[in-house]
Every structure is written in C-alpha cells, then in structure tokens.
file input.cif (mmCIF, C-alpha atoms)
data_model
#
loop_
_atom_site.label_atom_id
_atom_site.label_comp_id
_atom_site.auth_asym_id
_atom_site.auth_seq_id
_atom_site.Cartn_x
_atom_site.Cartn_y
_atom_site.Cartn_z
CA MET A 794 -89.58 -264.19 -37.46
CA GLU A 795 -85.81 -263.69 -37.42
CA LYS A 796 -84.58 -260.17 -38.04
CA MET A 797 -81.33 -258.65 -39.22
CA PRO A 798 -79.13 -257.28 -36.40
CA LYS A 799 -79.29 -253.56 -35.78
CA TRP A 800 -75.58 -253.09 -36.46
CA ALA A 801 -75.98 -254.60 -39.91
CA ASP A 802 -78.75 -252.14 -40.73
CA VAL A 803 -76.94 -249.03 -39.52
CA ALA A 804 -73.36 -249.92 -40.50
CA LEU A 805 -72.94 -252.94 -42.78
CA ILE A 806 -75.57 -252.05 -45.40
CA PRO A 807 -74.45 -248.40 -45.79
CA PHE A 808 -70.85 -249.61 -46.06
CA LEU A 809 -71.74 -252.10 -48.79
CA ASN A 810 -73.76 -249.46 -50.63
CA LEU A 811 -70.78 -247.11 -50.52
CA LEU A 812 -68.41 -249.84 -51.62
CA ILE A 813 -70.52 -250.64 -54.68
CA ALA A 814 -70.84 -246.94 -55.54
CA PHE A 815 -67.07 -246.40 -55.28
CA VAL A 816 -66.27 -249.55 -57.30
CA LEU A 817 -68.59 -248.42 -60.10
CA SER A 818 -67.11 -244.92 -59.92
CA GLY A 819 -63.65 -246.45 -60.22
CA LEU A 820 -64.72 -248.38 -63.31
CA VAL A 821 -66.07 -245.19 -64.88
CA ILE A 822 -62.79 -243.37 -64.13
CA LEU A 823 -60.87 -246.32 -65.58
CA ALA A 824 -63.04 -246.22 -68.72
CA ILE A 825 -62.01 -242.63 -69.49
CA GLY A 826 -58.34 -243.53 -69.18
CA GLU A 827 -57.57 -242.31 -65.66
CA ASN A 828 -56.20 -244.21 -62.69
CA PRO A 829 -58.97 -244.73 -60.08
CA VAL A 830 -56.46 -245.38 -57.27
CA LYS A 831 -54.70 -242.08 -57.93
CA ALA A 832 -58.07 -240.36 -58.20
CA LEU A 833 -59.05 -241.68 -54.76
CA GLN A 834 -55.71 -240.60 -53.34
CA MET A 835 -56.26 -237.12 -54.78
CA MET A 836 -59.72 -236.90 -53.23
CA ILE A 837 -58.44 -237.98 -49.82
CA SER A 838 -55.49 -235.60 -50.00
CA GLY A 839 -57.67 -232.70 -51.21
CA ALA A 840 -60.37 -233.19 -48.57
CA LEU A 841 -58.41 -234.48 -45.57
CA GLY A 842 -54.72 -233.88 -46.27
CA SER A 843 -54.52 -230.31 -44.99
CA THR A 844 -56.33 -227.90 -42.70
CA TYR A 845 -57.49 -226.09 -45.84
CA GLY A 846 -59.11 -229.28 -47.12
CA TRP A 847 -60.56 -230.11 -43.71
CA GLY A 848 -61.94 -226.57 -43.49
CA TYR A 849 -63.94 -226.92 -46.68
CA THR A 850 -65.00 -230.49 -45.87
CA LEU A 851 -66.38 -229.38 -42.51
CA TYR A 852 -67.96 -226.29 -44.08
CA TYR A 853 -69.93 -228.41 -46.56
CA ALA A 854 -70.72 -230.96 -43.84
CA THR A 855 -72.23 -228.20 -41.69
CA ASN A 856 -74.72 -227.38 -44.45
CA PHE A 857 -75.57 -231.04 -44.91
CA ILE A 858 -76.08 -231.61 -41.18
CA PHE A 859 -78.79 -228.94 -41.08
CA THR A 860 -80.59 -230.13 -44.21
CA GLY A 861 -80.14 -233.81 -43.30
CA LEU A 862 -81.70 -233.26 -39.89
CA ALA A 863 -84.51 -231.32 -41.55
CA VAL A 864 -85.34 -234.17 -43.90
CA SER A 865 -85.04 -236.79 -41.15
CA ILE A 866 -87.62 -235.06 -38.91
CA ALA A 867 -90.12 -234.98 -41.76
CA PHE A 868 -89.34 -238.64 -42.52
CA LYS A 869 -90.10 -239.57 -38.91
CA ALA A 870 -93.61 -238.21 -39.48
CA ALA A 871 -93.88 -240.18 -42.76
CA MET A 872 -93.44 -237.06 -44.92
CA PHE A 873 -90.94 -236.62 -47.74
CA ASN A 874 -89.86 -232.98 -47.53
CA ILE A 875 -88.12 -232.24 -50.83
CA GLY A 876 -88.39 -228.51 -50.18
CA GLY A 877 -85.22 -228.10 -48.12
CA GLU A 878 -83.57 -226.22 -50.98
CA GLY A 879 -86.28 -223.59 -51.13
CA GLN A 880 -86.62 -223.40 -47.36
CA ALA A 881 -82.87 -222.76 -47.06
CA MET A 882 -83.10 -220.04 -49.73
CA VAL A 883 -85.89 -218.25 -47.89
CA GLY A 884 -84.08 -218.84 -44.60
CA GLY A 885 -81.10 -217.03 -46.11
CA LEU A 886 -83.40 -214.09 -46.79
CA GLY A 887 -84.39 -214.06 -43.12
CA VAL A 888 -80.73 -214.15 -42.04
CA ALA A 889 -79.86 -211.32 -44.43
CA LEU A 890 -82.67 -209.06 -43.24
CA VAL A 891 -81.67 -209.57 -39.62
CA CYS A 892 -77.99 -208.87 -40.30
CA LEU A 893 -78.60 -205.86 -42.54
CA TYR A 894 -81.29 -204.00 -40.63
CA ILE A 895 -80.68 -204.73 -36.93
CA PRO A 896 -77.58 -203.16 -35.35
CA PHE A 897 -75.69 -205.66 -33.22
CA PRO A 898 -72.88 -205.03 -30.74
CA HIS A 899 -71.24 -208.46 -31.24
CA TRP A 900 -71.46 -211.57 -33.39
CA SER A 901 -72.57 -213.67 -30.41
CA VAL A 902 -75.77 -211.64 -30.23
CA ALA A 903 -76.16 -211.41 -34.00
CA ILE A 904 -76.01 -215.16 -34.50
CA LEU A 905 -78.87 -215.77 -32.07
CA PHE A 906 -81.14 -213.40 -33.97
CA ALA A 907 -79.90 -214.74 -37.31
CA MET A 908 -80.76 -218.29 -36.22
CA ILE A 909 -84.24 -217.12 -35.30
CA GLY A 910 -84.61 -215.22 -38.58
CA GLY A 911 -83.47 -218.14 -40.69
CA ALA A 912 -85.58 -220.65 -38.75
CA VAL A 913 -88.73 -218.49 -38.86
CA PHE A 914 -88.46 -217.79 -42.59
CA GLY A 915 -87.65 -221.43 -43.39
CA ALA A 916 -90.50 -222.69 -41.20
CA ALA A 917 -92.92 -220.19 -42.75
CA TRP A 918 -91.99 -221.45 -46.22
CA ALA A 919 -92.61 -225.05 -45.10
CA ALA A 920 -95.87 -224.15 -43.36
CA ILE A 921 -97.80 -223.66 -46.59
CA PRO A 922 -97.15 -227.15 -48.04
CA ALA A 923 -97.75 -228.56 -44.54
CA TYR A 924 -101.13 -226.85 -44.30
CA LEU A 925 -102.09 -227.96 -47.80
CA GLN A 926 -101.39 -231.59 -46.87
CA ALA A 927 -102.92 -231.44 -43.41
CA LYS A 928 -106.10 -229.61 -44.39
CA ARG A 929 -106.51 -230.06 -48.14
CA GLY A 930 -104.89 -233.43 -48.86
CA SER A 931 -102.28 -232.05 -51.26
CA HIS A 932 -99.22 -234.30 -51.32
CA VAL A 933 -96.26 -232.67 -49.63
CA VAL A 934 -93.80 -234.04 -52.21
CA ILE A 935 -95.50 -232.17 -55.03
CA THR A 936 -96.01 -228.92 -53.14
CA THR A 937 -92.49 -228.76 -51.72
CA ILE A 938 -91.00 -229.34 -55.18
CA MET A 939 -93.10 -226.49 -56.54
CA PHE A 940 -92.11 -224.24 -53.66
CA ASN A 941 -88.43 -224.74 -54.46
CA PHE A 942 -88.97 -223.00 -57.79
CA ILE A 943 -91.12 -220.30 -56.21
CA ALA A 944 -88.41 -219.66 -53.60
CA ALA A 945 -85.76 -219.31 -56.32
CA SER A 946 -87.92 -216.79 -58.16
CA LEU A 947 -88.69 -214.88 -54.96
CA LEU A 948 -85.02 -214.70 -53.99
CA ASN A 949 -84.07 -213.55 -57.49
CA TYR A 950 -86.69 -210.79 -57.36
CA MET A 951 -85.61 -209.63 -53.92
CA LEU A 952 -81.92 -209.52 -54.82
CA VAL A 953 -82.39 -207.82 -58.18
CA ASN A 954 -85.12 -205.32 -57.35
CA ILE A 955 -85.10 -204.63 -53.60
CA LEU A 956 -81.94 -205.65 -51.71
CA ARG A 957 -79.27 -204.96 -54.34
CA PRO A 958 -77.22 -201.84 -53.48
CA LYS A 959 -77.28 -198.94 -55.91
CA GLY A 960 -74.60 -199.21 -58.56
CA GLU A 961 -74.10 -202.94 -57.93
CA MET A 962 -74.54 -205.22 -60.94
CA ASN A 963 -74.44 -208.59 -59.19
CA PRO A 964 -77.70 -209.91 -57.69
CA GLN A 965 -76.62 -209.79 -54.04
CA THR A 966 -77.08 -207.74 -50.92
CA ALA A 967 -74.57 -205.37 -49.42
CA GLY A 968 -71.93 -206.89 -47.19
CA PHE A 969 -73.06 -207.52 -43.62
CA PRO A 970 -71.67 -205.24 -40.87
CA ASP A 971 -68.45 -206.31 -39.18
CA ALA A 972 -70.28 -207.02 -35.92
CA THR A 973 -72.16 -209.89 -37.63
CA HIS A 974 -69.06 -211.62 -39.01
CA LEU A 975 -68.72 -215.08 -37.48
CA PRO A 976 -65.35 -216.32 -36.20
CA THR A 977 -63.73 -218.97 -38.36
CA LEU A 978 -62.14 -222.11 -37.00
CA HIS A 979 -58.76 -220.48 -37.63
CA GLU A 980 -59.67 -217.61 -35.30
CA MET A 981 -61.17 -219.92 -32.70
CA LEU A 982 -58.14 -222.25 -32.55
CA ALA A 983 -55.42 -219.59 -32.73
CA PRO A 984 -55.56 -218.73 -28.97
CA PHE A 985 -54.78 -222.38 -28.22
CA GLY A 986 -51.72 -222.33 -30.48
CA ILE A 987 -53.36 -224.58 -33.09
CA ALA A 988 -52.66 -223.55 -36.67
CA PHE A 989 -55.61 -223.77 -39.07
CA SER A 990 -56.02 -222.44 -42.58
CA LYS A 991 -57.13 -218.80 -42.79
CA SER A 992 -58.75 -219.46 -46.16
CA ALA A 993 -61.09 -222.21 -44.96
CA PRO A 994 -64.70 -221.00 -44.51
CA VAL A 995 -65.62 -223.36 -41.66
CA ASN A 996 -66.87 -221.27 -38.76
CA VAL A 997 -68.73 -221.38 -35.45
CA SER A 998 -71.84 -222.64 -37.28
CA LEU A 999 -70.24 -226.09 -37.21
CA PHE A 1000 -70.71 -226.27 -33.44
CA ILE A 1001 -74.29 -225.08 -33.74
CA ALA A 1002 -74.93 -227.89 -36.23
CA LEU A 1003 -73.43 -230.40 -33.79
CA ALA A 1004 -75.64 -229.01 -31.03
CA ALA A 1005 -78.62 -229.35 -33.37
CA CYS A 1006 -77.87 -233.09 -33.68
CA VAL A 1007 -78.12 -233.43 -29.90
CA VAL A 1008 -81.29 -231.34 -29.69
CA VAL A 1009 -83.00 -233.33 -32.47
CA TYR A 1010 -82.04 -236.60 -30.78
CA LEU A 1011 -83.50 -235.45 -27.47
CA LEU A 1012 -86.62 -234.17 -29.22
CA ILE A 1013 -87.34 -237.27 -31.28
CA TRP A 1014 -86.31 -240.00 -28.80
CA ARG A 1015 -86.63 -238.37 -25.39
CA SER A 1016 -89.76 -236.22 -25.53
CA ARG A 1017 -93.50 -236.71 -25.73
CA LEU A 1018 -93.69 -234.72 -28.96
CA GLY A 1019 -91.00 -236.91 -30.50
CA TYR A 1020 -92.93 -240.02 -29.49
CA GLU A 1021 -96.04 -238.62 -31.16
CA ILE A 1022 -94.09 -237.84 -34.33
CA ARG A 1023 -92.61 -241.35 -34.47
CA SER A 1024 -95.97 -242.96 -33.70
CA PHE A 1025 -97.64 -240.97 -36.44
CA GLY A 1026 -94.91 -241.99 -38.87
CA HIS A 1027 -95.26 -245.69 -38.04
CA SER A 1028 -99.05 -245.80 -38.30
CA GLN A 1029 -101.33 -242.85 -38.84
CA GLU A 1030 -104.45 -244.88 -38.07
CA ALA A 1031 -103.10 -246.21 -34.78
CA SER A 1032 -101.85 -242.79 -33.71
CA VAL A 1033 -105.26 -241.24 -34.40
CA TYR A 1034 -106.85 -243.99 -32.31
CA ALA A 1035 -104.40 -243.06 -29.52
CA GLY A 1036 -105.54 -239.43 -29.65
CA ILE A 1037 -102.71 -237.92 -31.71
CA SER A 1038 -103.86 -235.18 -34.09
CA PRO A 1039 -102.66 -235.68 -37.70
CA VAL A 1040 -102.98 -231.96 -38.42
CA LYS A 1041 -100.89 -231.06 -35.38
CA ILE A 1042 -98.11 -233.54 -36.12
CA THR A 1043 -98.01 -232.70 -39.83
CA MET A 1044 -97.71 -228.99 -39.11
CA ILE A 1045 -95.18 -229.31 -36.28
CA ALA A 1046 -92.93 -231.79 -38.11
CA MET A 1047 -92.84 -229.64 -41.25
CA LEU A 1048 -92.27 -226.44 -39.28
CA LEU A 1049 -89.32 -228.07 -37.49
CA SER A 1050 -88.02 -229.38 -40.80
CA GLY A 1051 -88.30 -226.02 -42.53
CA GLY A 1052 -86.78 -224.24 -39.56
CA LEU A 1053 -83.68 -226.45 -39.61
CA SER A 1054 -83.26 -225.95 -43.35
CA GLY A 1055 -83.56 -222.20 -42.88
CA MET A 1056 -80.94 -222.24 -40.10
CA MET A 1057 -78.42 -223.63 -42.57
CA SER A 1058 -78.02 -220.09 -43.88
CA ILE A 1059 -76.12 -218.94 -40.81
CA ASN A 1060 -73.27 -221.02 -42.25
CA ASN A 1061 -73.26 -220.12 -45.94
CA THR A 1062 -74.83 -216.65 -45.87
CA MET A 1063 -73.68 -215.19 -42.56
CA GLY A 1064 -70.53 -217.24 -42.04
CA GLU A 1065 -69.00 -217.68 -45.49
CA ALA A 1066 -70.31 -215.09 -47.99
CA GLU A 1067 -71.16 -212.48 -45.33
CA ARG A 1068 -73.92 -211.32 -47.66
CA LEU A 1069 -76.87 -212.96 -49.41
CA VAL A 1070 -76.04 -214.08 -52.93
CA LEU A 1071 -77.98 -215.92 -55.60
CA ASN A 1072 -77.66 -219.73 -55.49
CA SER A 1073 -76.01 -219.63 -52.09
CA VAL A 1074 -77.60 -222.96 -51.12
CA GLU A 1075 -75.79 -224.82 -53.94
CA GLY A 1076 -77.94 -227.93 -53.80
CA ALA A 1077 -77.48 -228.60 -50.08
CA GLY A 1078 -81.24 -229.01 -49.65
CA PHE A 1079 -81.29 -231.91 -52.08
CA ILE A 1080 -78.11 -233.47 -50.69
CA GLY A 1081 -79.86 -233.44 -47.31
CA ILE A 1082 -82.27 -236.08 -48.64
CA ALA A 1083 -79.39 -238.47 -49.36
CA VAL A 1084 -77.76 -237.63 -46.03
CA ALA A 1085 -80.97 -238.46 -44.14
CA LEU A 1086 -81.47 -241.72 -46.07
CA MET A 1087 -77.89 -242.83 -45.57
CA GLY A 1088 -77.95 -241.80 -41.90
CA ARG A 1089 -81.14 -243.83 -41.32
CA ASN A 1090 -82.87 -240.65 -40.09
CA HIS A 1091 -80.84 -240.74 -36.89
CA PRO A 1092 -78.91 -237.58 -35.87
CA PHE A 1093 -75.65 -239.49 -35.35
CA GLY A 1094 -76.07 -241.21 -38.72
CA VAL A 1095 -76.86 -237.85 -40.32
CA LEU A 1096 -73.64 -236.45 -38.87
CA LEU A 1097 -71.54 -239.27 -40.34
CA ALA A 1098 -73.30 -239.08 -43.71
CA ALA A 1099 -72.85 -235.30 -43.80
CA LEU A 1100 -69.10 -235.73 -43.21
CA LEU A 1101 -68.97 -238.23 -46.07
CA PHE A 1102 -70.73 -235.90 -48.48
CA GLY A 1103 -68.55 -233.02 -47.30
CA PHE A 1104 -65.58 -235.20 -48.21
CA LEU A 1105 -67.09 -235.96 -51.63
CA TYR A 1106 -67.76 -232.29 -52.33
CA GLN A 1107 -64.32 -231.03 -51.35
CA GLY A 1108 -62.42 -234.06 -52.67
CA GLY A 1109 -64.36 -233.87 -55.93
CA SER A 1110 -63.51 -230.19 -56.33
CA GLU A 1111 -59.81 -230.94 -55.91
CA LEU A 1112 -60.10 -233.89 -58.28
CA SER A 1113 -61.55 -231.78 -61.08
CA LEU A 1114 -59.02 -229.01 -60.41
CA TRP A 1115 -55.79 -231.03 -60.46
CA THR A 1116 -56.61 -233.92 -62.82
CA LYS A 1117 -58.12 -234.34 -66.26
CA ILE A 1118 -61.24 -235.86 -64.71
CA PRO A 1119 -64.09 -233.46 -65.58
CA ARG A 1120 -66.30 -231.89 -62.92
CA GLU A 1121 -69.30 -233.68 -64.44
CA LEU A 1122 -67.75 -237.04 -63.56
CA VAL A 1123 -67.41 -235.93 -59.96
CA ILE A 1124 -71.15 -235.27 -59.99
CA VAL A 1125 -71.62 -238.78 -61.37
CA ILE A 1126 -69.68 -240.19 -58.40
CA GLN A 1127 -71.85 -238.23 -55.98
CA GLY A 1128 -74.94 -239.41 -57.85
CA LEU A 1129 -73.89 -243.04 -57.59
CA VAL A 1130 -73.47 -242.70 -53.83
CA ILE A 1131 -76.94 -241.16 -53.59
CA LEU A 1132 -78.39 -243.83 -55.89
CA PHE A 1133 -77.08 -246.80 -53.92
CA THR A 1134 -77.66 -245.34 -50.45
CA GLY A 1135 -81.16 -244.22 -51.34
CA ALA A 1136 -83.07 -245.55 -54.32
CA LEU A 1137 -81.27 -248.92 -54.60
CA ASP A 1138 -80.90 -249.59 -50.88
CA ASN A 1139 -83.07 -252.72 -51.08
CA MET A 1140 -80.79 -254.20 -53.73
CA VAL A 1141 -78.23 -254.73 -50.96
CA ARG A 1142 -80.59 -254.98 -48.01
CA LYS A 1143 -82.59 -258.00 -49.20
CA PRO A 1144 -79.60 -260.32 -49.85
CA VAL A 1145 -77.99 -259.29 -46.55
CA GLU A 1146 -81.24 -259.98 -44.69
CA ARG A 1147 -81.47 -263.43 -46.27
CA VAL A 1148 -77.91 -264.22 -45.22
CA PHE A 1149 -78.56 -263.27 -41.58
CA ILE A 1150 -81.91 -265.09 -41.49
CA ALA A 1151 -80.36 -268.26 -42.94
CA ALA A 1152 -77.50 -268.08 -40.43
CA ALA A 1153 -79.96 -267.65 -37.55
CA LYS A 1154 -81.96 -270.68 -38.70
CA ARG A 1155 -78.82 -272.81 -38.88
CA ARG A 1156 -77.88 -271.83 -35.34
CA ALA A 1157 -81.40 -272.61 -34.12
CA SER A 1158 -81.36 -276.05 -35.71
#
call {"tool": "encode", "arguments": {"input": "input.cif", "output": "structure tokens"}}
result
Amino acid sequence: MEKMPKWADVALIPFLNLLIAFVLSGLVILAIGENPVKALQMMISGALGSTYGWGYTLYYATNFIFTGLAVSIAFKAAMFNIGGEGQAMVGGLGVALVCLYIPFPHWSVAILFAMIGGAVFGAAWAAIPAYLQAKRGSHVVITTIMFNFIAASLLNYMLVNILRPKGEMNPQTAGFPDATHLPTLHEMLAPFGIAFSKSAPVNVSLFIALAACVVVYLLIWRSRLGYEIRSFGHSQEASVYAGISPVKITMIAMLLSGGLSGMMSINNTMGEAERLVLNSVEGAGFIGIAVALMGRNHPFGVLLAALLFGFLYQGGSELSLWTKIPRELVIVIQGLVILFTGALDNMVRKPVERVFIAAAKRRAS
C-alpha cells in the first residue's frame, strides 16, 4: 500500500493546518472591523521585531519546550498525560524549597539542585496517576486532570498558610537569595558586545531546554529504554510478548514526563519571578499538549512548535495592547491553531494522503 512521504507528514500537513487556522483567524478579525494584515504585522513586530519581543518569545518557548517534551514522552508510551499543568505547579514548589532553604554559593550550583527539585516533585506528582493506571486500571487522562485541580489547591494552601512571609498579603514566597538568580540573555551576551533587552525574562533555562531536546531524542531513539517505550506505545500486546513489562514502562514514561514538566519551573519560578507565585505556570502545561501534537512527538518538532506558540503568546499580547482587538480574540486565534493542529488534524491529513496515493498510482501505471 502506498504511503504519504515523511516530509509531507512532518512539514506539509502542519503548514496547511496553520494556514487554515490563520485564514480563519483573519476572517474573525475582519468580522470585528479590524485589518487582519495589519494585525499580523503587529504580531510579527511585537514578537520578532526587537530584542525585547524576542526575549519574551523565547521565554514562553522555553516553557513550552519542557511541557511539550513531557507530553511527547507519555504519547510515545500510548499515554495522554494531561497533568503537565499540575506537575509544573508542584515542580515549582520543589524549585522554591530548594532555593529558599539551601544556601548556594553560585547560581550554577543552585540551578542543578533546582532542576533536581523540580524534576523530583513533578515526577512524584505524576507517579500517582501512573501507578493507578499500571496497577489499578484507572485511566491516566482522568486521573491527571483531577490531579491538576489538586495541585492548584495544594499550591494555594502552601503559599497562603506556610510559605508566605509574615506581613505579606500576596500568596507568594519570599524572594529567592541573590545567589540563585539566573543570568538573563542580556547578561550572557553583554561580554560579547551583543546588545539585548534588559527587560526580557529569557534566561539560561533556554539552553537547558535545548539540551533537554537532545537528551530526549537520544533517550527515545538511541537507547534500549526508548525502544521499549516506543514498542509499548505501538502495541502493548506485542511488547508484552517480547518481554517488556507494562507496569515498568507506564511508570518510567510518566515519571520522565512529570519530571520534565516539573523542570519547567526553573524558567518561570527561578528565572523570571525569582519567587514562587500563584498561577506561575499560566497554562503552559496545557499548551504543551498542542506543542507535542504539532511537533509529531519529535524533539525537533516540539522545538519548532514551541517557538511558534511563543510567537503567538508574545505577538498576541502586543496585539491586544496596541490595537482594539480584545485579548479574548487572541485566545481564539491560539485556540484555532490548537484545534487544527490537534483535534482536526485528520481533516487535512486524509485529503493530502489521497492526493499522494493517487499521484503514486499514476506514476506506477
């Protein structure tokens, strides 16, 4: 049976999905009386037209890389981890405890322990739904959704009743010590004579996220464990016949997924806010689902999709700030991209497949 070329699957279909989403978004903008071309120009200028815009685009993309990789690992084991939001919240708690209660001489040491703290707390939060599926048959989609709400309640309790400094009204921790403050891209590029915005929150976490893409690639496609995860995801029955333990793979895949989500907090909690605040995740756990789907669960695809959603987040913020287009419409644009790259992917995929199959048959005849 003829198949669609790989390049069409990884490049053409996502491009067509994006094109449809942007065309529909343009029609919506036109319907409210605004110019869609000017709106697009504003988004591009706001997200990519200055180092300030690039700084925020890359900052958001860093969050989405972590959560996108987290979702993709679970997907490879045929599990739909919707709990990235909660795992990132609890991971932020782990990062905060490390930064607040362990004295560090330098940020380079602090970030290693913060990564461990975030990963351990995020993995621990994912371990419970993983165990319930592996041992009790509870569906991981349901349990991870529930654990998002539990994580939000837990974080709220910790910030209001335990970690909030005396005399402070806002539900947040004290500021982290100076030795834990991560260098921003401005500080990292200044010695090379490259000017970058001081106000942009992008920091060294970006390079850790890029390294995570490489590590996940090597793990999934160049290791025995990765082969077991992919085999289990393709066919559980065949993998069991080959001697692969479903309990082991379920637990390991979810622990890795939760750990990556938890590590996201080195960017937003340690790098940007420099304290743990309520709602610090800002939906990045859910955006990670769309990033993984659009990136075809491949680390390089996740990286590109994360950059796109970073552009949408920053460009959308500028759009709502400098035009009459409401913030809610920006969310609609983001939702359309998620809808067509995720839920309605087959609407584009099937016709494209038929075109390639028909073309292959004509060549064969």
call {"tool": "residues_around", "arguments": {"input": "input.cif", "residues": "region 1021-1024 of chain A", "least_positions_apart": "4", "cutoff": "9 Å", "atoms": "all atoms listed in the file", "output": "PyMOL selection string"}}
result
chain A and resi 866-867+869-871+1013-1014+1016-1017+1028-1029+1031-1032+1037+1042-1043+1045-1046
call {"tool": "residues_around", "arguments": {"input": "input.cif", "residues": "region 849-854 of chain A", "least_positions_apart": "3", "cutoff": "9 Å", "atoms": "all atoms listed in the file", "output": "PyMOL selection string"}}
result
chain A and resi 840-841+844-846+857-859+993-996+998-999+1060-1061+1065+1077+1096+1098-1108
call {"tool": "resolve_selection", "arguments": {"input": "input.cif", "expression": "the PyMOL selection byres ((chain A and resi 816) around 12)", "output": "VMD selection string"}}
result
chain A and resid 809 to 815 817 to 823 829 to 830 833 1126 1129 to 1130 1133
call {"tool": "residues_near_point", "arguments": {"input": "input.cif", "point": "(-72.4, -254.0, -41.7)", "cutoff": "12 Å", "atoms": "all atoms listed in the file", "output": "short mmCIF file (atom, residue, chain, number, x, y, z; two decimals) with C-alpha atoms, in the coordinates of the input"}}
result
data_model
loop_
_atom_site.label_atom_id
_atom_site.label_comp_id
_atom_site.auth_asym_id
_atom_site.auth_seq_id
_atom_site.Cartn_x
_atom_site.Cartn_y
_atom_site.Cartn_z
CA MET A 797 -81.33 -258.65 -39.22
CA PRO A 798 -79.13 -257.28 -36.40
CA LYS A 799 -79.29 -253.56 -35.78
CA TRP A 800 -75.58 -253.09 -36.46
CA ALA A 801 -75.98 -254.60 -39.91
CA ASP A 802 -78.75 -252.14 -40.73
CA VAL A 803 -76.94 -249.03 -39.52
CA ALA A 804 -73.36 -249.92 -40.50
CA LEU A 805 -72.94 -252.94 -42.78
CA ILE A 806 -75.57 -252.05 -45.40
CA PRO A 807 -74.45 -248.40 -45.79
CA PHE A 808 -70.85 -249.61 -46.06
CA LEU A 809 -71.74 -252.10 -48.79
CA ASN A 810 -73.76 -249.46 -50.63
CA LEU A 811 -70.78 -247.11 -50.52
CA LEU A 812 -68.41 -249.84 -51.62
CA VAL A 1141 -78.23 -254.73 -50.96
CA ARG A 1142 -80.59 -254.98 -48.01
CA VAL A 1145 -77.99 -259.29 -46.55
CA GLU A 1146 -81.24 -259.98 -44.69
CA PHE A 1149 -78.56 -263.27 -41.58
#
call {"tool": "resolve_selection", "arguments": {"input": "input.cif", "expression": "the PyMOL selection byres ((chain A and resi 879-892) around 6)", "output": "list in words"}}
result
Gly876, Gly877, Glu878, Leu893, Tyr894, Ile895, Ala907, Gly910, Gly911, Phe914, Gly915, Trp918, Asn941, Ala944, Gly1051, Ser1054, Gly1055 and Ser1058 of chain A
call {"tool": "resolve_selection", "arguments": {"input": "input.cif", "expression": "the PyMOL selection byres ((chain A and resi 966) around 10)", "output": "PyMOL selection string"}}
result
chain A and resi 886+889-890+893+951-953+955-958+961+963-965+967-969+1067-1071
call {"tool": "atom_distance", "arguments": {"input": "input.cif", "atom1": "CA of Pro970 (chain A)", "atom2": "CA of Met1056 (chain A)"}}
result
19.4 Å
call {"tool": "residues_around", "arguments": {"input": "input.cif", "residues": "Trp1115 (chain A)", "least_positions_apart": "3", "cutoff": "10 Å", "atoms": "only C-alpha atoms", "output": "ChimeraX atom specification"}}
result
/A:832,835,839,1110-1112,1118
call {"tool": "write_last_selection", "arguments": {"input": "input.cif", "atoms": "C-alpha atoms", "output": "mmCIF file, keeping the file's coordinate frame"}}
result
data_model
loop_
_atom_site.group_PDB
_atom_site.id
_atom_site.type_symbol
_atom_site.label_atom_id
_atom_site.label_comp_id
_atom_site.auth_asym_id
_atom_site.auth_seq_id
_atom_site.Cartn_x
_atom_site.Cartn_y
_atom_site.Cartn_z
ATOM 1 C CA ALA A 832 -58.070 -240.360 -58.200
ATOM 2 C CA MET A 835 -56.260 -237.120 -54.780
ATOM 3 C CA GLY A 839 -57.670 -232.700 -51.210
ATOM 4 C CA SER A 1110 -63.510 -230.190 -56.330
ATOM 5 C CA GLU A 1111 -59.810 -230.940 -55.910
ATOM 6 C CA LEU A 1112 -60.100 -233.890 -58.280
ATOM 7 C CA ILE A 1118 -61.240 -235.860 -64.710
#
call {"tool": "atom_distance", "arguments": {"input": "input.cif", "atom1": "CA of Ser865 (chain A)", "atom2": "CA of His1091 (chain A)"}}
result
7.2 Å
call {"tool": "residues_near_point", "arguments": {"input": "input.cif", "point": "(-60.6, -216.1, -37.5)", "cutoff": "10 Å", "atoms": "only C-alpha atoms", "output": "ChimeraX atom specification"}}
result
/A:974-983,989-997
call {"tool": "atom_distance", "arguments": {"input": "input.cif", "atom1": "CA of Leu1132 (chain A)", "atom2": "CA of Ala1083 (chain A)"}}
result
8.5 Å
call {"tool": "closest_residue", "arguments": {"input": "input.cif", "among": "A:Met836, A:Val1125, A:Ala824, A:Cys1006", "to": "Gly1094 (chain A)", "atoms": "all atoms listed in the file"}}
result
A:Cys1006
call {"tool": "residues_around", "arguments": {"input": "input.cif", "residues": "Leu1086 (chain A)", "least_positions_apart": "5", "cutoff": "9 Å", "atoms": "only C-alpha atoms", "output": "list in words"}}
result
Gly861, Val864, Ser865, Gly1081, Val1095, Ala1098, Ile1131, Thr1134 and Gly1135 of chain A
call {"tool": "residues_around", "arguments": {"input": "input.cif", "residues": "region 926-938 of chain A", "least_positions_apart": "3", "cutoff": "8 Å", "atoms": "only C-alpha atoms", "output": "list in words"}}
result
Met872, Phe873, Asn874, Ile875, Gly876, Ala919, Pro922, Ala923, Asn941, Phe942, Pro1039, Val1040, Thr1043 and Met1044 of chain A
